[in-house]
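Here's structure-v2.cif, which has mmCIF, C-alpha atoms:
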data_run
#
loop_
_atom_site.label_atom_id
_atom_site.label_comp_id
_atom_site.auth_asym_id
_atom_site.auth_seq_id
_atom_site.Cartn_x
_atom_site.Cartn_y
_atom_site.Cartn_z
CA MET A 1 26.12 8.84 12.26
CA LEU A 2 24.50 8.26 15.63
CA LEU A 3 22.54 5.08 16.24
CA ALA A 4 20.11 4.65 19.12
CA THR A 5 21.31 1.87 21.39
CA THR A 6 18.70 1.97 24.16
CA LEU A 7 14.95 1.54 24.05
CA VAL A 8 13.34 4.84 25.04
CA PRO A 9 9.97 4.63 26.89
CA LEU A 10 7.97 5.79 23.84
CA GLN A 11 9.45 3.00 21.73
CA ALA A 12 8.74 0.49 24.51
CA VAL A 13 5.08 1.60 24.57
CA ALA A 14 4.83 1.28 20.77
CA PHE A 15 6.33 -2.23 20.90
CA GLY A 16 3.89 -3.10 23.69
CA LEU A 17 0.88 -1.94 21.65
CA VAL A 18 1.99 -4.09 18.69
CA ALA A 19 2.52 -7.10 20.98
CA LEU A 20 -0.96 -6.63 22.48
CA GLY A 21 -2.64 -5.93 19.15
CA ALA A 22 -1.46 -9.05 17.32
CA PRO A 23 -3.27 -11.58 19.57
CA VAL A 24 -6.40 -9.39 19.52
CA VAL A 25 -6.48 -9.65 15.70
CA VAL A 26 -6.05 -13.43 15.86
CA LEU A 27 -8.70 -13.87 18.59
CA THR A 28 -11.34 -11.86 16.70
CA ARG A 29 -13.41 -14.57 15.02
CA ASP A 30 -15.85 -12.61 12.83
CA PRO A 31 -14.00 -11.83 9.55
CA LEU A 32 -15.70 -8.47 9.05
CA ARG A 33 -14.80 -7.34 12.56
CA GLN A 34 -11.33 -8.81 12.12
CA ALA A 35 -10.76 -6.60 9.07
CA LEU A 36 -11.51 -3.56 11.21
CA VAL A 37 -9.36 -4.71 14.15
CA ASN A 38 -6.55 -5.44 11.72
CA GLY A 39 -6.75 -1.83 10.52
CA VAL A 40 -6.32 -0.60 14.10
CA TYR A 41 -3.41 -3.02 14.54
CA GLY A 42 -1.90 -1.52 11.37
CA ILE A 43 -2.07 1.92 12.94
CA SER A 44 -0.14 0.60 15.96
CA LEU A 45 2.55 -0.64 13.57
CA VAL A 46 2.59 2.79 11.93
CA CYS A 47 3.18 4.34 15.37
CA LEU A 48 6.03 1.87 15.97
CA PHE A 49 7.69 2.79 12.66
CA VAL A 50 7.33 6.49 13.44
CA VAL A 51 8.93 6.25 16.88
CA LEU A 52 11.72 4.12 15.37
CA GLU A 53 12.39 7.05 13.01
CA ALA A 54 11.33 5.24 9.82
CA PRO A 55 8.79 7.53 8.13
CA ASP A 56 8.89 5.81 4.73
CA PRO A 57 7.84 2.35 5.96
CA ALA A 58 5.32 4.10 8.23
CA LEU A 59 3.65 5.73 5.21
CA SER A 60 3.69 2.46 3.28
CA MET A 61 2.19 0.62 6.24
CA LEU A 62 -0.46 3.33 6.60
CA VAL A 63 -1.70 3.06 3.01
CA VAL A 64 -1.45 -0.73 2.89
CA SER A 65 -3.18 -1.43 6.21
CA GLY A 66 -5.62 1.47 5.88
CA ILE A 67 -6.67 1.30 2.23
CA GLY A 68 -5.32 -1.67 0.29
CA TYR A 69 -5.64 -4.63 2.63
CA PRO A 70 -9.13 -3.93 4.09
CA LEU A 71 -10.54 -3.60 0.57
CA VAL A 72 -9.13 -6.97 -0.47
CA ILE A 73 -10.61 -8.61 2.64
CA LEU A 74 -13.98 -6.84 2.26
CA ALA A 75 -14.25 -7.98 -1.34
CA ALA A 76 -13.45 -11.55 -0.33
CA ILE A 77 -15.99 -11.49 2.52
CA ALA A 78 -18.69 -10.02 0.29
CA ARG A 79 -18.15 -12.65 -2.35
CA VAL A 80 -18.11 -15.59 0.11
CA ARG A 81 -21.21 -14.36 1.95
CA GLY A 82 -23.05 -13.76 -1.31
CA HIS A 83 -22.33 -17.35 -2.38
CA GLU A 84 -23.41 -18.74 1.00
CA ARG A 85 -26.64 -16.77 0.97
CA ARG A 86 -27.53 -17.89 -2.51
CA LYS A 87 -26.80 -21.51 -1.58
CA ARG A 88 -29.10 -21.22 1.46
CA GLU A 89 -31.86 -19.74 -0.66
CA LYS A 90 -31.61 -22.58 -3.13
CA GLU A 91 -31.92 -25.15 -0.34
CA ARG A 92 -35.09 -23.50 0.94
CA MET B 1 0.75 -34.48 25.68
CA ALA B 2 3.70 -36.77 26.37
CA VAL B 3 5.13 -35.78 23.01
CA LEU B 4 4.03 -32.15 23.03
CA GLY B 5 5.44 -31.39 26.49
CA PRO B 6 9.09 -32.20 25.80
CA ALA B 7 8.80 -30.69 22.31
CA LEU B 8 7.55 -27.38 23.73
CA LEU B 9 10.22 -27.49 26.42
CA GLY B 10 12.91 -28.05 23.80
CA LEU B 11 11.53 -25.30 21.57
CA GLY B 12 11.33 -22.95 24.55
CA ALA B 13 14.93 -23.65 25.47
CA LEU B 14 16.16 -23.13 21.92
CA PHE B 15 14.05 -19.97 21.58
CA SER B 16 15.41 -18.48 24.82
CA TRP B 17 18.93 -19.34 23.73
CA ALA B 18 18.35 -17.61 20.38
CA ILE B 19 16.82 -14.52 22.03
CA ALA B 20 19.75 -14.28 24.47
CA GLY B 21 22.18 -14.28 21.56
CA LEU B 22 20.48 -11.43 19.67
CA PRO B 23 22.45 -8.22 19.13
CA ALA B 24 21.46 -5.35 21.44
CA PHE B 25 18.61 -3.02 20.47
CA GLY B 26 19.74 -0.53 17.84
CA ASP B 27 22.94 -2.47 17.10
CA TYR B 28 23.70 -2.20 13.39
CA ARG B 29 26.39 -4.41 11.88
CA GLY B 30 25.99 -3.91 8.13
CA PRO B 31 28.12 -1.26 6.46
CA TYR B 32 25.62 -0.84 3.57
CA GLY B 33 23.19 1.53 5.31
CA LEU B 34 25.96 3.65 6.79
CA VAL B 35 27.65 4.00 3.39
CA LEU B 36 24.36 4.93 1.71
CA ASN B 37 23.61 7.51 4.39
CA ARG B 38 26.92 9.17 3.61
CA VAL B 39 26.99 8.97 -0.19
CA VAL B 40 23.39 9.22 -1.46
CA VAL B 41 22.81 12.92 -0.77
CA PRO B 42 26.02 14.20 -2.40
CA LEU B 43 25.95 11.68 -5.28
CA ARG B 44 22.26 11.66 -6.16
CA HIS B 45 21.02 15.04 -4.87
CA THR B 46 18.02 13.47 -3.16
CA THR B 47 17.32 14.19 0.50
CA ASN B 48 15.28 10.99 0.91
CA VAL B 49 17.93 8.29 1.21
CA VAL B 50 15.25 5.58 1.17
CA MET B 51 14.15 6.74 -2.27
CA GLY B 52 17.74 7.06 -3.43
CA THR B 53 18.09 3.39 -2.49
CA THR B 54 14.83 2.07 -3.93
CA PHE B 55 14.89 3.99 -7.21
CA ASP B 56 18.60 4.22 -7.90
CA VAL B 57 20.95 1.91 -6.00
CA ARG B 58 18.33 -0.86 -5.98
CA GLY B 59 16.34 0.37 -8.95
CA VAL B 60 16.02 -3.07 -10.53
CA ASP B 61 14.38 -4.48 -7.38
CA THR B 62 11.75 -1.74 -7.46
CA MET B 63 11.08 -2.44 -11.13
CA GLY B 64 10.40 -6.06 -10.18
CA GLU B 65 8.06 -4.96 -7.40
CA GLU B 66 6.17 -2.75 -9.82
CA PHE B 67 5.59 -5.71 -12.10
CA ILE B 68 4.45 -7.81 -9.14
CA LEU B 69 1.65 -5.27 -8.61
CA TYR B 70 0.99 -5.26 -12.35
CA ALA B 71 0.70 -9.05 -12.38
CA ALA B 72 -1.53 -8.98 -9.28
CA VAL B 73 -3.96 -6.61 -10.99
CA ILE B 74 -4.07 -8.82 -14.06
CA GLY B 75 -4.74 -11.82 -11.84
CA VAL B 76 -7.56 -10.12 -9.94
CA THR B 77 -9.11 -8.91 -13.17
CA LEU B 78 -9.03 -12.37 -14.70
CA LEU B 79 -10.56 -13.92 -11.58
CA LEU B 80 -13.29 -11.38 -10.89
CA ARG B 81 -14.29 -9.79 -14.15
CA ASP B 82 -17.80 -10.73 -15.12
CA GLU B 83 -19.42 -8.60 -17.79
CA THR B 84 -23.05 -9.42 -17.03
CA ARG B 85 -22.71 -8.28 -13.45
CA SER B 86 -21.08 -4.94 -14.04
CA ARG B 87 -24.12 -3.70 -15.93
CA GLN B 88 -26.38 -4.62 -13.05
CA ALA B 89 -24.26 -2.66 -10.61
CA GLU B 90 -24.52 0.48 -12.71
CA ARG B 91 -28.26 0.62 -12.27
CA ARG B 92 -28.22 1.11 -8.55
CA THR B 93 -27.93 4.71 -7.42
CA ARG B 94 -28.02 5.60 -3.80
CA ARG B 95 -27.35 8.68 -1.75
CA LEU B 96 -25.98 8.99 1.75
CA PRO B 97 -28.81 10.09 4.03
CA SER B 98 -26.87 12.73 5.98
CA ASP B 99 -25.63 15.95 4.36
CA ALA B 100 -23.02 16.35 7.11
CA VAL B 101 -21.50 12.95 6.32
CA ARG B 102 -21.47 13.77 2.61
CA LEU B 103 -19.78 17.11 3.24
CA LEU B 104 -17.15 15.46 5.43
CA GLY B 105 -16.66 12.82 2.75
CA VAL B 106 -16.20 15.39 0.00
CA LEU B 107 -13.65 17.24 2.13
CA MET B 108 -11.83 13.95 2.70
CA VAL B 109 -11.77 13.27 -1.05
CA GLY B 110 -10.11 16.65 -1.67
CA GLY B 111 -7.75 16.39 1.29
CA GLY B 112 -6.74 12.82 0.54
CA LEU B 113 -6.11 13.56 -3.11
CA LEU B 114 -3.98 16.59 -2.21
CA VAL B 115 -1.90 14.71 0.35
CA GLY B 116 -1.50 11.84 -2.13
CA LEU B 117 -0.24 14.17 -4.84
CA TRP B 118 2.07 15.85 -2.36
CA LEU B 119 3.53 12.49 -1.31
CA MET B 120 4.14 11.61 -4.98
CA ALA B 121 5.66 14.96 -5.93
CA PHE B 122 7.96 15.37 -2.94
CA GLY B 123 8.89 11.70 -2.62
CA TYR B 124 12.56 12.36 -3.31
CA VAL B 125 12.74 15.38 -1.00
CA THR B 126 10.75 14.24 2.06
CA PRO B 127 9.40 10.82 3.12
CA GLY B 128 6.82 9.40 0.75
CA GLY B 129 6.93 8.53 -2.91
CA GLY B 130 5.02 7.08 -5.81
CA PHE B 131 3.70 4.00 -4.03
CA GLN B 132 2.38 5.69 -0.90
CA GLY B 133 1.04 8.71 -2.78
CA GLY B 134 -0.53 6.53 -5.46
CA VAL B 135 -2.42 4.33 -3.01
CA LEU B 136 -3.58 7.32 -0.99
CA ALA B 137 -4.75 9.31 -4.04
CA SER B 138 -6.65 6.34 -5.46
CA GLY B 139 -8.15 5.67 -2.03
CA ALA B 140 -9.36 9.27 -1.93
CA ILE B 141 -10.94 8.82 -5.36
CA LEU B 142 -12.64 5.67 -4.10
CA LEU B 143 -14.25 7.77 -1.36
CA LEU B 144 -16.00 9.63 -4.17
CA TYR B 145 -17.91 6.43 -4.77
CA VAL B 146 -18.93 6.27 -1.12
CA VAL B 147 -20.13 9.87 -0.83
CA GLY B 148 -21.34 10.28 -4.40
CA SER B 149 -22.93 7.84 -6.78
CA HIS B 150 -21.97 5.36 -9.47
CA ARG B 151 -22.17 8.14 -12.01
CA ASP B 152 -19.64 10.34 -10.18
CA TYR B 153 -17.25 7.43 -9.94
CA ARG B 154 -17.73 5.96 -13.41
CA PRO B 155 -14.71 7.70 -15.07
CA PHE B 156 -12.41 6.15 -12.46
CA ARG B 157 -13.51 2.58 -13.10
CA ASP B 158 -13.12 2.76 -16.86
CA ALA B 159 -10.62 0.05 -17.69
CA HIS B 160 -10.20 1.33 -21.25
CA ALA B 161 -8.65 4.53 -19.88
CA LEU B 162 -6.84 2.99 -16.90
CA ASP B 163 -5.17 0.04 -18.64
CA PRO B 164 -3.02 2.14 -21.02
CA LEU B 165 -2.15 4.58 -18.22
CA GLU B 166 -1.00 1.78 -15.94
CA SER B 167 1.07 0.30 -18.74
CA LEU B 168 2.54 3.75 -19.39
CA GLY B 169 3.69 3.95 -15.77
CA ALA B 170 5.09 0.42 -15.62
CA GLY B 171 6.61 0.65 -19.10
CA GLY B 172 8.00 4.14 -18.46
CA TYR B 173 10.15 2.72 -15.69
CA VAL B 174 11.68 0.18 -18.07
CA VAL B 175 12.12 2.82 -20.79
CA VAL B 176 14.17 5.02 -18.42
CA GLY B 177 16.33 2.00 -17.66
CA LEU B 178 16.74 1.14 -21.33
CA ALA B 179 17.57 4.76 -22.17
CA ALA B 180 20.58 4.47 -19.87
CA LEU B 181 21.51 1.19 -21.56
CA ALA B 182 21.22 2.81 -25.01
CA SER B 183 23.49 5.67 -23.99
CA GLY B 184 26.25 3.19 -23.25
CA THR B 185 26.02 2.84 -19.45
CA ALA B 186 24.46 0.22 -17.21
CA PHE B 187 20.69 -0.39 -17.01
CA LEU B 188 18.93 2.28 -14.88
CA THR B 189 22.03 4.47 -14.48
CA ASN B 190 21.01 7.95 -13.32
CA LEU B 191 21.03 9.89 -16.62
CA PHE B 192 19.30 13.20 -16.20
CA GLY B 193 20.70 16.36 -14.63
CA LEU B 194 20.92 16.06 -10.87
CA GLY B 195 19.69 19.59 -10.10
CA THR B 196 19.68 21.34 -6.73
CA THR B 197 19.47 19.16 -3.62
CA GLY B 198 16.24 19.65 -1.65
CA THR B 199 14.13 21.03 -4.49
CA LEU B 200 11.62 19.43 -6.86
CA LEU B 201 14.20 19.79 -9.65
CA SER B 202 16.64 17.33 -8.17
CA SER B 203 17.76 13.69 -8.15
CA GLY B 204 17.73 13.13 -11.95
CA SER B 205 16.22 9.80 -13.01
CA ILE B 206 14.80 9.17 -9.54
CA ALA B 207 12.17 11.89 -10.08
CA VAL B 208 11.10 10.39 -13.41
CA LEU B 209 11.01 6.84 -12.04
CA ASN B 210 9.04 8.09 -9.03
CA TRP B 211 6.36 9.61 -11.27
CA ALA B 212 6.27 6.51 -13.46
CA SER B 213 5.60 4.32 -10.44
CA ALA B 214 3.10 6.86 -9.04
CA ILE B 215 1.03 6.60 -12.25
CA ALA B 216 1.36 2.81 -12.35
CA VAL B 217 0.35 2.38 -8.70
CA SER B 218 -2.57 4.83 -8.86
CA CYS B 219 -4.03 3.15 -11.93
CA ALA B 220 -3.37 -0.34 -10.55
CA MET B 221 -5.25 0.48 -7.35
CA LEU B 222 -8.16 2.06 -9.27
CA LEU B 223 -8.39 -1.05 -11.45
CA LEU B 224 -8.41 -3.22 -8.33
CA PHE B 225 -11.13 -1.07 -6.76
CA ALA B 226 -13.22 -1.30 -9.91
CA GLU B 227 -13.06 -5.10 -9.81
CA PHE B 228 -13.76 -5.23 -6.07
CA LEU B 229 -16.74 -2.89 -6.39
CA GLU B 230 -18.29 -5.14 -8.98
CA THR B 231 -17.70 -8.06 -6.65
CA TYR B 232 -19.11 -6.63 -3.48
CA VAL B 233 -21.81 -4.37 -4.70
CA VAL B 234 -23.61 -6.95 -6.78
CA PRO B 235 -24.01 -9.80 -4.25
CA LEU B 236 -25.69 -7.35 -1.87
CA GLU B 237 -28.54 -6.51 -4.23
CA PRO B 238 -31.38 -6.56 -4.69
CA GLU B 239 -32.63 -9.36 -2.43
CA ASP B 240 -29.82 -9.11 0.12
CA THR B 241 -30.23 -5.44 1.01
CA ALA B 242 -33.72 -6.16 2.33
CA SER B 243 -32.61 -8.75 4.90
#

Would it be possible to restate this file's structure as structure tokens?
Amino acid sequence: MLLATTLVPLQAVAFGLVALGAPVVVLTRDPLRQALVNGVYGISLVCLFVVLEAPDPALSMLVVSGIGYPLVILAAIARVRGHERRKREKER
Amino acid sequence: MAVLGPALLGLGALFSWAIAGLPAFGDYRGPYGLVLNRVVVPLRHTTNVVMGTTFDVRGVDTMGEEFILYAAVIGVTLLLRDETRSRQAERRTRRLPSDAVRLLGVLMVGGGLLVGLWLMAFGYVTPGGGFQGGVLASGAILLLYVVGSHRDYRPFRDAHALDPLESLGAGGYVVVGLAALASGTAFLTNLFGLGTTGTLLSSGSIAVLNWASAIAVSCAMLLLFAEFLETYVVPLEPEDTAS
């Protein structure tokens, strides 16, 4: 069993993308846009898992960050905005 | 600032000290993974060691995870279900304006469903498995709602059909475990014939457990989608779509 002991350039690039992507997600203030940016960040994590030779977590990450998580956030945003809009209409 | 400065400095020093003491990249100390890599293929006839671990060696953990998802769906349903609203949502029918987008969408539904089924079926031969395949397949079905209409999607949001199926998946997992217990061995012991390594007829119980979790996950996701759709379709209409 051979284990990689050095960071090859491709892995370094994948780590770099993840490190850059995380602050971008945090600095995006609009929740709807943040959901989208988070999806892109998820893809960068998928790339990291792939270059680290872990296809199973990569697939899990792909479906969670691409399908499951955005839907949860979108539902939450839709519900909150619907409430806010109705409240504003009542005040008017 | 007088407090924060020294605190940050101290944290920085401790953090650097911790980083400096980390094992080198790729350094693996635990014997567990190495042992599994050597024994899972000959003992369990599955070529996906990850699946051999999650559904056999650590089968009880995965059962717990399956019931976490099950509980999550129940929670979401209890929080969001609102009967008066669901009927309102049914009334709205809308079509995508572009035929090209619809065609692409339909192709994605088919492709996604196929890849999802492939991930489920070959989970114990190649990377993938019930969870990944289940989420992907249900996501592909959800696309049907985007490119089609409420009517096309209605069978896939029917809780009366999905609830028993999800329970079948989650319960099936436990039944396989109990079957091993009934036959006089430990809970979730691999019972069925191990078959030929690298084919669909391999890995014994792992294949059955994989399909059980595939059904449970697919139905759980579809149930979640159904609840979410009711939540985010209704607040947008009819007055909100105009703004």

Could you list, with a cut-off of 9 Å and counting all atoms listed in the file, the residues of chain B near chain A, each shown with its nearest atom pair and the distance in Å rounded to one decimal, rows sorted by chain and ascending number, as JSON lines?
{"residue": "B:Ala24", "atom": "CA", "partner": "A:Thr5", "partner_atom": "CA", "distance": 7.2}
{"residue": "B:Phe25", "atom": "CA", "partner": "A:Thr5", "partner_atom": "CA", "distance": 5.7}
{"residue": "B:Gly26", "atom": "CA", "partner": "A:Thr5", "partner_atom": "CA", "distance": 4.6}
{"residue": "B:Asp27", "atom": "CA", "partner": "A:Thr5", "partner_atom": "CA", "distance": 6.3}
{"residue": "B:Tyr28", "atom": "CA", "partner": "A:Leu3", "partner_atom": "CA", "distance": 7.9}
{"residue": "B:Leu34", "atom": "CA", "partner": "A:Met1", "partner_atom": "CA", "distance": 7.5}
{"residue": "B:Asn37", "atom": "CA", "partner": "A:Met1", "partner_atom": "CA", "distance": 8.4}
{"residue": "B:Arg38", "atom": "CA", "partner": "A:Met1", "partner_atom": "CA", "distance": 8.7}
{"residue": "B:Val50", "atom": "CA", "partner": "A:Asp56", "partner_atom": "CA", "distance": 7.3}
{"residue": "B:Met51", "atom": "CA", "partner": "A:Asp56", "partner_atom": "CA", "distance": 8.8}
{"residue": "B:Pro127", "atom": "CA", "partner": "A:Asp56", "partner_atom": "CA", "distance": 5.3}
{"residue": "B:Gly128", "atom": "CA", "partner": "A:Asp56", "partner_atom": "CA", "distance": 5.7}
{"residue": "B:Gly129", "atom": "CA", "partner": "A:Asp56", "partner_atom": "CA", "distance": 8.3}
{"residue": "B:Phe131", "atom": "CA", "partner": "A:Ser60", "partner_atom": "CA", "distance": 7.5}
{"residue": "B:Gln132", "atom": "CA", "partner": "A:Ser60", "partner_atom": "CA", "distance": 5.4}
{"residue": "B:Gly133", "atom": "CA", "partner": "A:Val63", "partner_atom": "CA", "distance": 8.5}
{"residue": "B:Val135", "atom": "CA", "partner": "A:Val63", "partner_atom": "CA", "distance": 6.2}
{"residue": "B:Leu136", "atom": "CA", "partner": "A:Val63", "partner_atom": "CA", "distance": 6.1}
{"residue": "B:Gly139", "atom": "CA", "partner": "A:Ile67", "partner_atom": "CA", "distance": 6.3}
{"residue": "B:Met221", "atom": "CA", "partner": "A:Gly68", "partner_atom": "CA", "distance": 7.9}
{"residue": "B:Leu224", "atom": "CA", "partner": "A:Val72", "partner_atom": "CA", "distance": 8.7}
{"residue": "B:Phe225", "atom": "CA", "partner": "A:Leu71", "partner_atom": "CA", "distance": 7.8}
{"residue": "B:Phe228", "atom": "CA", "partner": "A:Ala75", "partner_atom": "CA", "distance": 5.5}
{"residue": "B:Leu229", "atom": "CA", "partner": "A:Ala75", "partner_atom": "CA", "distance": 7.6}
{"residue": "B:Thr231", "atom": "CA", "partner": "A:Arg79", "partner_atom": "CA", "distance": 6.3}
{"residue": "B:Tyr232", "atom": "CA", "partner": "A:Ala78", "partner_atom": "CA", "distance": 5.1}
{"residue": "B:Val233", "atom": "CA", "partner": "A:Ala78", "partner_atom": "CA", "distance": 8.2}
{"residue": "B:Val234", "atom": "CA", "partner": "A:Gly82", "partner_atom": "CA", "distance": 8.8}
{"residue": "B:Pro235", "atom": "CA", "partner": "A:Gly82", "partner_atom": "CA", "distance": 5.0}
{"residue": "B:Leu236", "atom": "CA", "partner": "A:Gly82", "partner_atom": "CA", "distance": 7.0}
{"residue": "B:Asp240", "atom": "CA", "partner": "A:Gly82", "partner_atom": "CA", "distance": 8.3}

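When CA of Leu114 (chain B) is paired with CA of Thr126 (chain B), their separation reads 15.5 Å.
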
What does the distance from CA of Val18 (chain A) to CA of Leu36 (chain A) come to in Å, to one decimal?
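Computing the Euclidean distance for CA of Val18 (chain A) and CA of Leu36 (chain A) yields 15.4 Å.
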
Could you give me, as a PyMOL selection string, the residues within 9 Å of Val24 (chain A), counting all atoms listed in the file and dropping anything in the same chain fewer than 5 positions from it?
chain A and resi 34+37-38+41

Skipping near chain neighbours, those fewer than 2 positions away, what residues fall within 6 Å of region 143-149 of chain B using only C-alpha atoms, listed as a list in words?
Thr93, Arg102, Gly105, Ala140, Ile141, Arg151, Asp152 and Tyr153 of chain B

Shortest interatomic distance to Val50 (chain A) - which of A:Leu20, A:Ala14, A:Val8, A:Val26, counting only C-alpha atoms:
A:Ala14
